[in-house]
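Data first, discussion second: the structure below is written as structure tokens.
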Amino acid sequence: MRVRAQLAMLAGLLVLSACAASSQAGGPARDRNRITAAEMEAVNARTAMDAVRRLRSSWLRGVGGARPVVYVDNIRMGGLEVLERMAVEDISELRFMSGPDATTRYGTGHMGGAILVSTKR
């Protein structure tokens, strides 16, 4: 009986290690709070808004009717309409900050979070 238990445990460890290896084989896991230039290029997005809609649409939902505030290179630019005017060729990455994190960093008025745009310049 003891041999069976050891074999069962060994089989379980093999399954777990195989699952871990297969999840890592595709490369690093996608960060839910970051969109890279490579990701934007892969989905053929033209604007920052296209990229967010296709890759992380949850960023657009906001909280309690509040929408995210958009910052470009750490300068507050306005609401989501800013993303419509930004070509992905000019962007190195997009990041999302939750409402509490954005409020801690930038002050009140960020209940819907913040989308941080880092340009290539």
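Every chain in the structure tokens takes a letter, A first, then B, and so on in the order presented; its residues are numbered from 1, and the ligands are numbered from 1 following the presented order.
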
Contacts of Arg53 in chain A at 12 Å or less, counting only C-alpha atoms, minus same-chain residues fewer than 4 places along, as a list in words?
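After dropping sequence-adjacent residues, the list is Ile35, Met40, Val43, Ala45, Arg46, Thr47, Ala48, Met49, Ser57, Ser58, Trp59, Leu60, Arg61, Leu80, Leu83 and Glu84 of chain A.
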
Would you mind exporting N, CA and C atoms of the selected residues as an mmCIF file, in the first residue's frame?
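Produced file result23.cif, reproduced below:
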```
data_model
loop_
_atom_site.group_PDB
_atom_site.id
_atom_site.type_symbol
_atom_site.label_atom_id
_atom_site.label_comp_id
_atom_site.auth_asym_id
_atom_site.auth_seq_id
_atom_site.Cartn_x
_atom_site.Cartn_y
_atom_site.Cartn_z
ATOM 1 N N ILE A 35 0.330 46.931 -21.512
ATOM 2 C CA ILE A 35 0.280 46.564 -22.934
ATOM 3 C C ILE A 35 1.580 47.043 -23.554
ATOM 4 N N MET A 40 0.637 45.552 -29.199
ATOM 5 C CA MET A 40 -0.156 46.446 -30.049
ATOM 6 C C MET A 40 0.086 46.131 -31.519
ATOM 7 N N VAL A 43 -1.714 42.875 -32.836
ATOM 8 C CA VAL A 43 -3.154 42.938 -33.130
ATOM 9 C C VAL A 43 -3.484 43.996 -34.177
ATOM 10 N N ALA A 45 -3.283 47.194 -34.144
ATOM 11 C CA ALA A 45 -4.013 48.356 -33.646
ATOM 12 C C ALA A 45 -3.443 49.615 -34.292
ATOM 13 N N ARG A 46 -4.322 50.555 -34.586
ATOM 14 C CA ARG A 46 -3.881 51.830 -35.177
ATOM 15 C C ARG A 46 -3.751 52.918 -34.129
ATOM 16 N N THR A 47 -4.689 52.945 -33.184
ATOM 17 C CA THR A 47 -4.650 53.948 -32.130
ATOM 18 C C THR A 47 -4.527 53.249 -30.776
ATOM 19 N N ALA A 48 -4.198 54.043 -29.768
ATOM 20 C CA ALA A 48 -4.114 53.497 -28.417
ATOM 21 C C ALA A 48 -5.466 52.931 -27.993
ATOM 22 N N MET A 49 -6.554 53.589 -28.395
ATOM 23 C CA MET A 49 -7.890 53.100 -28.050
ATOM 24 C C MET A 49 -8.151 51.743 -28.692
ATOM 25 N N SER A 57 -9.931 45.425 -22.667
ATOM 26 C CA SER A 57 -11.161 46.228 -22.650
ATOM 27 C C SER A 57 -11.658 46.499 -21.235
ATOM 28 N N SER A 58 -11.269 45.690 -20.277
ATOM 29 C CA SER A 58 -11.695 45.915 -18.889
ATOM 30 C C SER A 58 -11.201 47.261 -18.358
ATOM 31 N N TRP A 59 -10.117 47.800 -18.917
ATOM 32 C CA TRP A 59 -9.617 49.103 -18.475
ATOM 33 C C TRP A 59 -10.635 50.209 -18.730
ATOM 34 N N LEU A 60 -11.516 50.025 -19.695
ATOM 35 C CA LEU A 60 -12.443 51.086 -20.113
ATOM 36 C C LEU A 60 -13.711 51.149 -19.263
ATOM 37 N N ARG A 61 -13.954 50.156 -18.461
ATOM 38 C CA ARG A 61 -15.210 50.073 -17.720
ATOM 39 C C ARG A 61 -15.334 51.091 -16.607
ATOM 40 N N LEU A 80 -10.707 59.387 -21.908
ATOM 41 C CA LEU A 80 -10.425 58.329 -22.880
ATOM 42 C C LEU A 80 -10.305 58.830 -24.321
ATOM 43 N N LEU A 83 -6.927 58.738 -26.050
ATOM 44 C CA LEU A 83 -6.427 57.494 -26.649
ATOM 45 C C LEU A 83 -6.799 57.361 -28.116
ATOM 46 N N GLU A 84 -7.910 57.978 -28.518
ATOM 47 C CA GLU A 84 -8.361 57.925 -29.913
ATOM 48 C C GLU A 84 -7.409 58.675 -30.844
#
```

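Neighbouring residues of Asp73 in chain A at 7 Å or closer, counting only C-alpha atoms and skipping chain neighbours under 3 positions away, are A:Val117, A:Ser118, A:Thr119.
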
With C-alpha atoms retained, could you export that selection as a compact mmCIF listing (two decimals), in the first residue's frame?
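Just written: out.txt:
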```
# COMPACT_ATOMS: atom_id res chain seq x y z
CA VAL A 117 0.88 56.18 -21.83
CA SER A 118 4.65 56.08 -22.30
CA THR A 119 5.74 57.46 -25.65
```

Spatial neighbours of Ala66 in chain A, 9 Å, only C-alpha atoms, chain gap at least 2 places, as a compact mmCIF listing (two decimals) with C-alpha atoms, in the first residue's frame:
```
# COMPACT_ATOMS: atom_id res chain seq x y z
CA ARG A 61 -15.21 50.07 -17.72
CA GLY A 62 -14.32 52.35 -14.85
CA VAL A 63 -15.90 52.18 -11.40
CA GLY A 64 -19.29 53.58 -10.43
CA PRO A 68 -10.03 56.35 -16.21
CA GLY A 109 -10.55 62.32 -9.07
CA HIS A 110 -9.18 58.92 -10.08
CA MET A 111 -11.94 56.58 -8.94
CA GLY A 112 -11.97 54.97 -12.41
CA GLY A 113 -8.21 54.49 -12.37
```

Name the closest residue to Arg56 in chain A among the candidates A:Ile75, A:Val88, A:Val70, A:Ile115; distances are taken between atoms, counting only C-alpha atoms.
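Once distances to Arg56 in chain A are computed over only C-alpha atoms, the minimum belongs to A:Ile115.
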
Sel. of helix (DSSP H, G or I) residues, range 84-119 of chain A, as a list in words
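Matching residues, listed in order: Glu84, Val88, Glu89, Asp90, Gly99, Pro100, Asp101, Ala102, Thr103, Thr104, Arg105 and Tyr106 of chain A.
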
Grab the residues selected above and save them as a PDB file, in the first residue's frame with C-alpha atoms.
```pdb
ATOM      1  CA  GLU A  84      -8.361  57.925 -29.913  1.00  0.00           C
ATOM      2  CA  VAL A  88       0.460  53.176 -31.625  1.00  0.00           C
ATOM      3  CA  GLU A  89       3.690  53.881 -33.540  1.00  0.00           C
ATOM      4  CA  ASP A  90       4.370  56.659 -31.014  1.00  0.00           C
ATOM      5  CA  GLY A  99      -8.489  53.794  -8.693  1.00  0.00           C
ATOM      6  CA  PRO A 100      -6.872  53.506  -5.250  1.00  0.00           C
ATOM      7  CA  ASP A 101      -3.345  53.363  -6.710  1.00  0.00           C
ATOM      8  CA  ALA A 102      -3.991  56.313  -9.037  1.00  0.00           C
ATOM      9  CA  THR A 103      -5.513  58.327  -6.179  1.00  0.00           C
ATOM     10  CA  THR A 104      -2.465  57.639  -4.028  1.00  0.00           C
ATOM     11  CA  ARG A 105      -0.131  58.741  -6.800  1.00  0.00           C
ATOM     12  CA  TYR A 106      -2.052  61.627  -8.397  1.00  0.00           C
TER      13      TYR A 106
END
```

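Among A:Asn44, A:Thr36, A:Ser98, A:Thr108, the residue with the shortest atom-to-atom distance to Lys120 in chain A, counting only C-alpha atoms, is A:Thr36.
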
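DSSP secondary structure from the backbone places Val63, Ala66, Val69, Val70, Tyr71, Val72, Ile75, Arg76, Met77, Gly78, Ala87, Ile91, Ser92, Glu93, Leu94 and Arg95 of chain A of range 54-95 of chain A in strand (DSSP E or B).
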